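Okay, structure.txt is below, compact mmCIF, C-alpha atoms:
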# COMPACT_ATOMS: atom_id res chain seq x y z
CA MET A 1 3.89 -23.75 -3.01
CA ARG A 2 4.97 -20.12 -3.36
CA SER A 3 5.95 -18.01 -0.40
CA ILE A 4 4.26 -14.68 0.25
CA SER A 5 6.31 -11.62 -0.55
CA VAL A 6 4.84 -8.56 1.13
CA LEU A 7 4.80 -5.56 -1.14
CA ALA A 8 5.58 -2.81 1.39
CA SER A 9 8.96 -1.29 1.95
CA SER A 10 10.51 -1.54 5.39
CA LEU A 11 13.51 -0.39 7.40
CA LEU A 12 16.41 -2.73 6.72
CA ALA A 13 17.22 -2.81 10.41
CA PHE A 14 13.82 -4.28 11.19
CA SER A 15 13.89 -7.06 8.57
CA ALA A 16 14.93 -10.59 9.47
CA HIS A 17 15.06 -11.48 5.76
CA SER A 18 16.38 -8.40 4.00
CA ALA A 19 17.12 -7.91 0.32
CA GLU A 20 17.83 -4.88 -1.80
CA VAL A 21 14.71 -4.72 -3.90
CA ASN A 22 12.73 -1.82 -5.30
CA PRO A 23 9.18 -0.55 -4.71
CA TYR A 24 7.78 -0.37 -8.21
CA ILE A 25 5.17 -1.34 -10.77
CA VAL A 26 6.41 -3.96 -13.27
CA ASN A 27 6.08 -3.00 -16.97
CA GLY A 28 4.34 0.21 -16.03
CA THR A 29 3.65 3.21 -18.21
CA ASP A 30 3.99 6.78 -16.96
CA ILE A 31 0.70 8.51 -16.19
CA SER A 32 -0.31 11.93 -14.92
CA ALA A 33 -1.09 12.05 -11.21
CA SER A 34 -4.46 13.52 -12.18
CA THR A 35 -5.41 10.30 -14.04
CA HIS A 36 -6.32 8.72 -10.70
CA PRO A 37 -6.73 11.84 -8.55
CA SER A 38 -7.54 10.01 -5.30
CA PHE A 39 -4.18 8.18 -5.27
CA VAL A 40 -1.87 9.08 -2.37
CA SER A 41 1.64 8.16 -1.24
CA LEU A 42 2.79 7.29 2.29
CA PHE A 43 6.15 8.61 3.46
CA TYR A 44 8.31 8.15 6.52
CA ASP A 45 8.45 11.79 7.59
CA ARG A 46 10.23 13.49 10.50
CA ILE A 47 10.76 16.73 8.62
CA ASP A 48 8.94 18.87 11.18
CA TYR A 49 10.81 17.25 14.07
CA ASP A 50 14.45 16.69 13.06
CA GLY A 51 14.51 16.99 9.26
CA VAL A 52 14.77 13.26 8.51
CA TYR A 53 12.57 11.64 5.86
CA GLY A 54 12.40 8.66 3.54
CA GLN A 55 13.75 9.03 0.02
CA GLY A 56 10.62 7.53 -1.55
CA PRO A 57 7.09 6.45 -0.58
CA TYR A 58 6.89 3.16 1.29
CA CYS A 59 3.26 2.44 0.39
CA GLY A 60 0.33 3.82 -1.56
CA GLY A 61 -3.31 4.45 -0.73
CA THR A 62 -6.44 6.27 -1.78
CA LEU A 63 -8.47 9.17 -0.42
CA LEU A 64 -11.77 8.05 1.09
CA SER A 65 -12.45 11.62 2.19
CA ALA A 66 -10.47 14.69 3.16
CA ASN A 67 -9.57 13.04 6.48
CA TYR A 68 -9.32 9.30 5.76
CA ILE A 69 -6.96 7.13 3.68
CA LEU A 70 -7.53 3.54 2.54
CA THR A 71 -4.41 1.32 2.44
CA ALA A 72 -3.09 -2.14 3.41
CA ALA A 73 -2.78 -3.15 7.06
CA HIS A 74 0.68 -4.65 6.59
CA CYS A 75 1.98 -1.22 5.54
CA ILE A 76 1.59 0.13 9.06
CA TYR A 77 1.09 -2.86 11.36
CA GLY A 78 3.41 -3.35 14.33
CA ASP A 79 5.99 -0.69 13.50
CA SER A 80 5.78 2.13 16.04
CA ASN A 81 8.26 4.34 14.19
CA TYR A 82 6.27 4.27 10.98
CA GLN A 83 3.08 4.78 12.95
CA LEU A 84 4.55 7.83 14.66
CA PHE A 85 6.10 9.37 11.55
CA THR A 86 3.93 8.74 8.52
CA SER A 87 2.72 11.53 6.29
CA VAL A 88 0.35 11.33 3.33
CA VAL A 89 0.95 13.14 0.03
CA PRO A 90 -1.80 13.43 -2.60
CA GLN A 91 -1.13 13.13 -6.34
CA LEU A 92 2.63 12.66 -6.15
CA GLN A 93 3.83 12.83 -9.75
CA ASN A 94 7.53 12.16 -9.25
CA GLU A 95 9.20 10.68 -6.18
CA SER A 96 11.79 13.48 -6.22
CA ASP A 97 8.99 16.00 -5.71
CA PHE A 98 8.95 15.05 -2.02
CA PRO A 99 9.21 17.01 0.16
CA ASN A 100 9.68 20.41 -1.49
CA SER A 101 7.37 20.24 -4.52
CA VAL A 102 4.30 18.36 -3.30
CA LEU A 103 0.72 19.62 -3.24
CA GLN A 104 0.43 18.93 0.49
CA ARG A 105 1.78 16.63 3.20
CA VAL A 106 -0.29 15.73 6.25
CA MET A 107 0.67 13.58 9.24
CA VAL A 108 -1.38 10.56 10.30
CA SER A 109 -2.94 10.62 13.77
CA GLU A 110 -4.99 7.40 13.96
CA TYR A 111 -4.65 3.88 12.52
CA TYR A 112 -7.50 1.43 12.01
CA TYR A 113 -7.40 -2.18 10.84
CA PRO A 114 -9.77 -5.12 11.49
CA SER A 115 -9.24 -7.24 14.60
CA THR A 116 -9.26 -10.21 12.21
CA TYR A 117 -6.13 -9.01 10.36
CA ASN A 118 -3.41 -11.69 10.35
CA ASN A 119 0.10 -10.37 9.83
CA SER A 120 1.42 -13.77 8.73
CA THR A 121 -1.22 -14.83 6.20
CA LEU A 122 -2.27 -11.24 5.36
CA TYR A 123 -5.90 -12.19 5.90
CA ASP A 124 -8.07 -9.02 5.92
CA ASP A 125 -5.14 -6.88 4.79
CA ILE A 126 -6.95 -3.56 4.92
CA ALA A 127 -6.43 -0.38 6.95
CA ILE A 128 -7.68 3.16 7.26
CA LEU A 129 -5.56 6.12 8.34
CA LYS A 130 -7.07 9.23 9.87
CA LEU A 131 -5.18 12.44 9.18
CA ALA A 132 -4.27 15.05 11.75
CA SER A 133 -5.75 17.69 9.44
CA PRO A 134 -7.73 17.43 6.19
CA ILE A 135 -6.22 17.24 2.73
CA THR A 136 -7.44 20.36 0.97
CA ALA A 137 -5.26 20.35 -2.15
CA VAL A 138 -7.39 17.56 -3.67
CA ASN A 139 -11.15 17.12 -3.37
CA THR A 140 -11.66 14.02 -5.53
CA TYR A 141 -12.27 10.87 -3.53
CA VAL A 142 -12.11 7.22 -4.52
CA ASP A 143 -15.18 5.42 -5.86
CA LEU A 144 -15.28 1.92 -4.37
CA ALA A 145 -16.93 -1.00 -6.16
CA ASP A 146 -19.68 -2.77 -4.25
CA ASN A 147 -20.60 -6.40 -3.72
CA SER A 148 -23.21 -6.42 -6.50
CA GLU A 149 -20.48 -5.77 -9.08
CA ARG A 150 -18.21 -8.67 -8.16
CA SER A 151 -19.72 -11.14 -10.63
CA THR A 152 -19.30 -8.56 -13.40
CA TYR A 153 -15.64 -7.75 -12.92
CA ARG A 154 -14.52 -11.26 -11.98
CA GLN A 155 -14.06 -12.17 -15.65
CA THR A 156 -10.92 -12.69 -17.73
CA SER A 157 -12.31 -10.29 -20.32
CA GLU A 158 -12.29 -7.34 -17.90
CA VAL A 159 -9.49 -4.75 -17.78
CA PHE A 160 -7.79 -3.77 -14.52
CA TYR A 161 -5.06 -1.26 -13.66
CA ALA A 162 -2.72 -1.23 -10.67
CA VAL A 163 -1.13 2.13 -9.81
CA GLY A 164 2.13 2.99 -8.08
CA HIS A 165 5.55 4.57 -8.46
CA GLY A 166 6.88 2.29 -11.09
CA ASN A 167 9.70 0.29 -12.55
CA THR A 168 10.08 -2.57 -15.02
CA GLN A 169 11.33 -5.33 -12.69
CA SER A 170 12.85 -5.97 -9.28
CA ASN A 171 16.10 -4.12 -8.62
CA VAL A 172 15.92 -1.88 -11.69
CA ASP A 173 14.99 1.72 -10.90
CA SER A 174 14.24 3.19 -14.32
CA THR A 175 11.75 5.91 -13.39
CA GLU A 176 10.47 7.95 -10.47
CA GLU A 177 7.23 8.82 -12.26
CA LEU A 178 3.80 7.60 -11.21
CA GLN A 179 2.92 4.51 -13.24
CA ARG A 180 0.17 2.03 -13.86
CA THR A 181 0.11 -1.44 -15.39
CA GLN A 182 -2.71 -3.47 -16.94
CA LEU A 183 -3.74 -6.74 -15.29
CA LYS A 184 -6.25 -9.53 -15.88
CA TRP A 185 -8.30 -11.57 -13.42
CA VAL A 186 -7.23 -15.05 -12.26
CA ASP A 187 -9.69 -17.40 -10.55
CA ASN A 188 -9.13 -18.22 -6.88
CA THR A 189 -8.74 -21.95 -7.47
CA THR A 190 -5.68 -21.26 -9.62
CA CYS A 191 -4.44 -18.67 -7.14
CA ASN A 192 -4.78 -21.05 -4.18
CA SER A 193 -2.64 -23.63 -5.99
CA ILE A 194 0.22 -21.11 -6.11
CA TYR A 195 0.35 -19.56 -2.65
CA THR A 196 0.54 -21.04 0.84
CA THR A 197 -2.30 -18.86 2.09
CA ASP A 198 -6.02 -19.00 1.28
CA THR A 199 -6.86 -16.36 -1.32
CA SER A 200 -10.60 -17.04 -1.52
CA GLU A 201 -11.35 -13.54 -0.20
CA ASN A 202 -8.74 -11.86 -2.41
CA LEU A 203 -8.61 -10.69 -6.00
CA CYS A 204 -5.82 -12.44 -7.91
CA MET A 205 -4.33 -10.94 -11.05
CA ASP A 206 -1.81 -11.76 -13.75
CA GLY A 207 -0.11 -9.47 -16.22
CA ALA A 208 -2.07 -8.52 -19.31
CA ALA A 209 1.23 -8.42 -21.21
CA THR A 210 4.74 -9.84 -20.95
CA VAL A 211 7.98 -8.01 -21.75
CA THR A 212 10.53 -10.41 -20.24
CA TYR A 213 8.46 -10.11 -17.07
CA ASP A 214 4.68 -10.05 -16.76
CA ASN A 215 2.91 -6.84 -15.86
CA GLY A 216 2.53 -6.84 -12.09
CA THR A 217 2.92 -5.11 -8.75
CA CYS A 218 6.08 -5.11 -6.65
CA GLN A 219 7.45 -4.01 -3.26
CA GLY A 220 6.30 -0.56 -2.24
CA ASP A 221 3.13 -0.72 -4.33
CA SER A 222 1.40 -2.13 -1.24
CA GLY A 223 -1.71 -0.31 -0.13
CA GLY A 224 -2.21 1.16 -3.57
CA PRO A 225 -5.36 0.67 -5.65
CA LEU A 226 -6.48 -1.81 -8.27
CA TYR A 227 -8.97 -0.09 -10.57
CA TRP A 228 -11.73 -1.47 -12.78
CA ASN A 229 -13.94 0.86 -14.83
CA GLY A 230 -12.69 3.77 -12.74
CA LYS A 231 -13.65 2.12 -9.46
CA GLN A 232 -11.29 0.71 -6.88
CA VAL A 233 -11.80 -3.03 -6.48
CA GLY A 234 -8.60 -4.00 -4.69
CA ILE A 235 -5.77 -2.98 -2.36
CA THR A 236 -2.30 -4.24 -3.31
CA SER A 237 -1.28 -6.90 -0.79
CA PHE A 238 1.29 -9.50 -1.89
CA GLY A 239 2.85 -11.49 -4.73
CA PRO A 240 5.65 -13.94 -5.61
CA GLU A 241 9.28 -13.37 -4.66
CA THR A 242 10.17 -12.32 -8.22
CA CYS A 243 7.95 -9.45 -9.24
CA GLY A 244 6.17 -10.13 -12.51
CA ASP A 245 7.44 -13.73 -12.63
CA PRO A 246 6.03 -15.08 -15.94
CA ALA A 247 6.04 -18.62 -14.50
CA VAL A 248 3.48 -17.60 -11.85
CA ALA A 249 -0.12 -17.51 -13.07
CA ALA A 250 -1.20 -14.98 -10.43
CA ASN A 251 1.61 -12.52 -9.73
CA SER A 252 -0.40 -9.83 -7.91
CA VAL A 253 -2.85 -10.42 -5.06
CA PHE A 254 -5.22 -7.78 -3.70
CA THR A 255 -7.61 -7.33 -0.80
CA GLU A 256 -11.06 -7.21 -2.40
CA VAL A 257 -12.73 -4.04 -1.13
CA ALA A 258 -16.15 -4.90 -2.58
CA LEU A 259 -16.66 -7.75 -0.11
CA THR A 260 -19.56 -6.82 2.13
CA LYS A 261 -17.51 -7.29 5.30
CA HIS A 262 -14.90 -4.81 4.03
CA SER A 263 -17.36 -2.19 2.83
CA ASP A 264 -19.28 -2.47 6.11
CA TRP A 265 -16.07 -2.04 8.09
CA ILE A 266 -14.98 0.97 6.01
CA ASN A 267 -18.34 2.65 6.61
CA SER A 268 -18.14 1.85 10.31
CA VAL A 269 -14.76 3.61 10.58
CA LEU A 270 -15.94 6.62 8.59
CA ASN A 271 -19.06 6.88 10.76
CA GLY A 272 -16.98 6.95 13.95
CA ASN A 273 -18.08 3.55 15.20
CA GLU A 274 -14.64 1.94 15.41
CA THR A 275 -11.88 2.45 17.97
CA PRO A 276 -8.44 3.18 16.48
CA LYS A 277 -5.82 0.51 17.05
CA VAL A 278 -3.15 3.21 17.36
CA THR A 279 -3.38 6.93 18.13
CA VAL A 280 -0.34 9.21 17.87
CA SER A 281 0.32 12.83 18.78
CA ASP A 282 3.07 15.43 18.50
CA SER A 283 3.95 14.92 22.16
CA GLN A 284 4.60 11.22 21.49
CA ARG A 285 6.73 12.03 18.46
CA ASN A 286 8.82 14.54 20.38
CA ALA A 287 9.22 12.17 23.33
CA THR A 288 10.42 9.41 21.00
CA LEU A 289 13.08 11.59 19.40
CA ASN A 290 14.04 13.23 22.70
CA PRO A 291 13.56 10.59 25.42
CA SER A 292 15.51 12.64 27.96
CA SER A 293 12.77 15.29 27.77
CA GLY A 294 10.33 12.85 29.38
CA GLY A 295 7.31 10.94 28.20
CA GLY A 296 8.92 7.51 27.76
CA GLY A 297 8.54 7.55 24.01
CA GLY A 298 10.56 4.39 23.44
CA GLY A 299 13.86 5.79 22.15
CA SER A 300 15.08 7.29 18.95
CA LEU A 301 16.62 5.91 15.77
CA GLY A 302 19.92 7.17 14.43
CA VAL A 303 20.14 8.92 11.08
CA LEU A 304 22.43 6.15 9.81
CA VAL A 305 19.72 3.54 10.32
CA LEU A 306 17.14 5.77 8.68
CA SER A 307 19.28 6.06 5.58
CA ALA A 308 18.24 2.45 4.92
CA LEU A 309 14.76 3.67 4.03
CA GLY A 310 15.82 3.41 0.41
CA LEU A 311 16.22 -0.36 0.90
CA LEU A 312 13.19 -2.60 0.89
CA GLY A 313 12.95 -6.00 2.50
CA TRP A 314 11.05 -9.26 2.21
CA ARG A 315 9.53 -8.83 5.65
CA ARG A 316 7.68 -12.14 5.85
CA LYS A 317 8.45 -15.45 4.19
CA ARG A 318 6.48 -18.67 4.39
CA ASN A 319 7.63 -21.99 2.99

Show me the file's structure as structure tokens.
Amino acid sequence: MRSISVLASSLLAFSAHSAEVNPYIVNGTDISASTHPSFVSLFYDRIDYDGVYGQGPYCGGTLLSANYILTAAHCIYGDSNYQLFTSVVPQLQNESDFPNSVLQRVMVSEYYYPSTYNNSTLYDDIAILKLASPITAVNTYVDLADNSERSTYRQTSEVFYAVGHGNTQSNVDSTEELQRTQLKWVDNTTCNSIYTTDTSENLCMDGAATVTYDNGTCQGDSGGPLYWNGKQVGITSFGPETCGDPAVAANSVFTEVALTKHSDWINSVLNGNETPKVTVSDSQRNATLNPSSGGGGGGSLGVLVLSALGLLGWRRKRN
């Protein structure tokens, strides 16, 4: 059985099983950021506090509205530093555009994920981020598929695209441009025979083409969208240890947003009926970076440690 490789980047210092791997789409093609205008990138961002920031996005997401972002729960779960210092950037064309040439960057103030989320199995791997102020540079929001469409798109004849800041394989950084790759649906029975976790409530995909490696998602693509007919049907969650491994029949696994329980939960958050799991403020951020000033913010991280943001780790492994 295959182990789960989580597709988010993480601080090397926080990883029990660290490896130098890259956060990119496998066999992707460059696209304009306006092709999928609701796509956003998540950055570790202390620019307004001490000038420190991550060299590339650690996860992706999509705009639900001017104030809310849809992403994966494992991108933000359990890491207080990322929760304190995450900003969202819409329509990032090139990773090097951050921070000086982006349309906008907005800090996150609230984090929501289901109480049923399991950080080991990645069950219900879905989250919503509320922004401290609205994104105004973009006013196109994601169109989510609904439950009635599941039987239509769950066919091997259908075309899907995963989007992220892409590369051709693990450990080869060939581009900083936004990319997408074409995928095809894999049934859950096949998917369950590959992974050690139940995927019956996930969308499983394989590459629609092979160039040494299959098309697929990879570390850092987490939280980003899977599109079908212009609608988002999935959130990038996990895959095999080797991105795009042609020996694995389902190399990309997604949270299926069209499930009724997920669409109901999303609407409940947007309607103000859910309590955030985490709320952050500027006073907490300042207290964390300057604990002597009071507030018990939990200590600061040195710049040397933060330089490891360019390294991505296998954060969770299951045998």

### Task
Within 12 Å of His36 (chain A), counting only C-alpha atoms, which residues show up once you throw out same-chain ones fewer than 3 positions away? Write them as a PyMOL selection string, please.
chain A and resi 31-33+39-40+61-63+90-93+138+140-143+161-164+178-180+224-232

### Task
Would you mind listing what lies within 12 Å of Tyr77 (chain A) as a PyMOL selection string, with all atoms listed in the file counted and same-chain residues fewer than 2 positions away left out?
chain A and resi 8+10+71-75+79-84+111-115+117-120+122+125-129+277-278+315

Writer output for current selection, C-alpha atoms, as a PDB file, in the frame of the given file:
ATOM      1  CA  ALA A   8       5.580  -2.810   1.390  1.00  0.00           C
ATOM      2  CA  SER A  10      10.510  -1.540   5.390  1.00  0.00           C
ATOM      3  CA  THR A  71      -4.410   1.320   2.440  1.00  0.00           C
ATOM      4  CA  ALA A  72      -3.090  -2.140   3.410  1.00  0.00           C
ATOM      5  CA  ALA A  73      -2.780  -3.150   7.060  1.00  0.00           C
ATOM      6  CA  HIS A  74       0.680  -4.650   6.590  1.00  0.00           C
ATOM      7  CA  CYS A  75       1.980  -1.220   5.540  1.00  0.00           C
ATOM      8  CA  ASP A  79       5.990  -0.690  13.500  1.00  0.00           C
ATOM      9  CA  SER A  80       5.780   2.130  16.040  1.00  0.00           C
ATOM     10  CA  ASN A  81       8.260   4.340  14.190  1.00  0.00           C
ATOM     11  CA  TYR A  82       6.270   4.270  10.980  1.00  0.00           C
ATOM     12  CA  GLN A  83       3.080   4.780  12.950  1.00  0.00           C
ATOM     13  CA  LEU A  84       4.550   7.830  14.660  1.00  0.00           C
ATOM     14  CA  TYR A 111      -4.650   3.880  12.520  1.00  0.00           C
ATOM     15  CA  TYR A 112      -7.500   1.430  12.010  1.00  0.00           C
ATOM     16  CA  TYR A 113      -7.400  -2.180  10.840  1.00  0.00           C
ATOM     17  CA  PRO A 114      -9.770  -5.120  11.490  1.00  0.00           C
ATOM     18  CA  SER A 115      -9.240  -7.240  14.600  1.00  0.00           C
ATOM     19  CA  TYR A 117      -6.130  -9.010  10.360  1.00  0.00           C
ATOM     20  CA  ASN A 118      -3.410 -11.690  10.350  1.00  0.00           C
ATOM     21  CA  ASN A 119       0.100 -10.370   9.830  1.00  0.00           C
ATOM     22  CA  SER A 120       1.420 -13.770   8.730  1.00  0.00           C
ATOM     23  CA  LEU A 122      -2.270 -11.240   5.360  1.00  0.00           C
ATOM     24  CA  ASP A 125      -5.140  -6.880   4.790  1.00  0.00           C
ATOM     25  CA  ILE A 126      -6.950  -3.560   4.920  1.00  0.00           C
ATOM     26  CA  ALA A 127      -6.430  -0.380   6.950  1.00  0.00           C
ATOM     27  CA  ILE A 128      -7.680   3.160   7.260  1.00  0.00           C
ATOM     28  CA  LEU A 129      -5.560   6.120   8.340  1.00  0.00           C
ATOM     29  CA  LYS A 277      -5.820   0.510  17.050  1.00  0.00           C
ATOM     30  CA  VAL A 278      -3.150   3.210  17.360  1.00  0.00           C
ATOM     31  CA  ARG A 315       9.530  -8.830   5.650  1.00  0.00           C
TER      32      ARG A 315
END

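The space separating CA of Ile69 (chain A) from CA of Lys130 (chain A) comes to 6.5 Å.
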
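When CA of Leu70 (chain A) is paired with CA of Thr29 (chain A), their separation reads 23.6 Å.
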
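Using only C-alpha atoms, the smallest distance between any of A:Thr86, A:Gln182, A:Thr136, A:Thr35 and Asp48 (chain A) comes from A:Thr86.
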
Return as a tab-separated table the residues of region 106-212 of chain A lying at most 7 Å from region 256-263 of chain A, together with the closest atom-to-atom pair for each and the distance in Å to one decimal, counting all atoms listed in the file, with rows in chain order and ascending residue number.
residue	atom	partner	partner_atom	distance
A:Ala145	CA	A:Ala258	CA	5.4
A:Asp146	CA	A:Ala258	CA	4.4
A:Asn147	CA	A:Ala258	CA	4.8
A:Glu201	CA	A:Glu256	CA	6.7
A:Asn202	CA	A:Glu256	CA	5.2
A:Leu203	CA	A:Glu256	CA	5.6

### Message
Excluding Asn271 (chain A) and its own-chain neighbours fewer than 5 positions away, which residues fall within 12 Å of it when counting only C-alpha atoms? Please give them as a list in words.
### Response
Ser65, Tyr68, Asp264, Trp265 and Ile266 of chain A

### Message
Let me make sure I understand: among A:Leu64, A:Cys59, A:Ala250, A:Ala287, which one has the smallest atom-to-atom distance to Asn188 (chain A) if we use all atoms listed in the file?
### Response
A:Ala250

Please report, as AutoDock Vina command-line options, the centre and edge lengths in Å to one decimal of an axis-aligned box covering all listed atoms of region 143-158 of chain A with 4 Å per side.
--center_x -17.1 --center_y -3.6 --center_z -12.0 --size_x 20.3 --size_y 26.1 --size_z 24.6
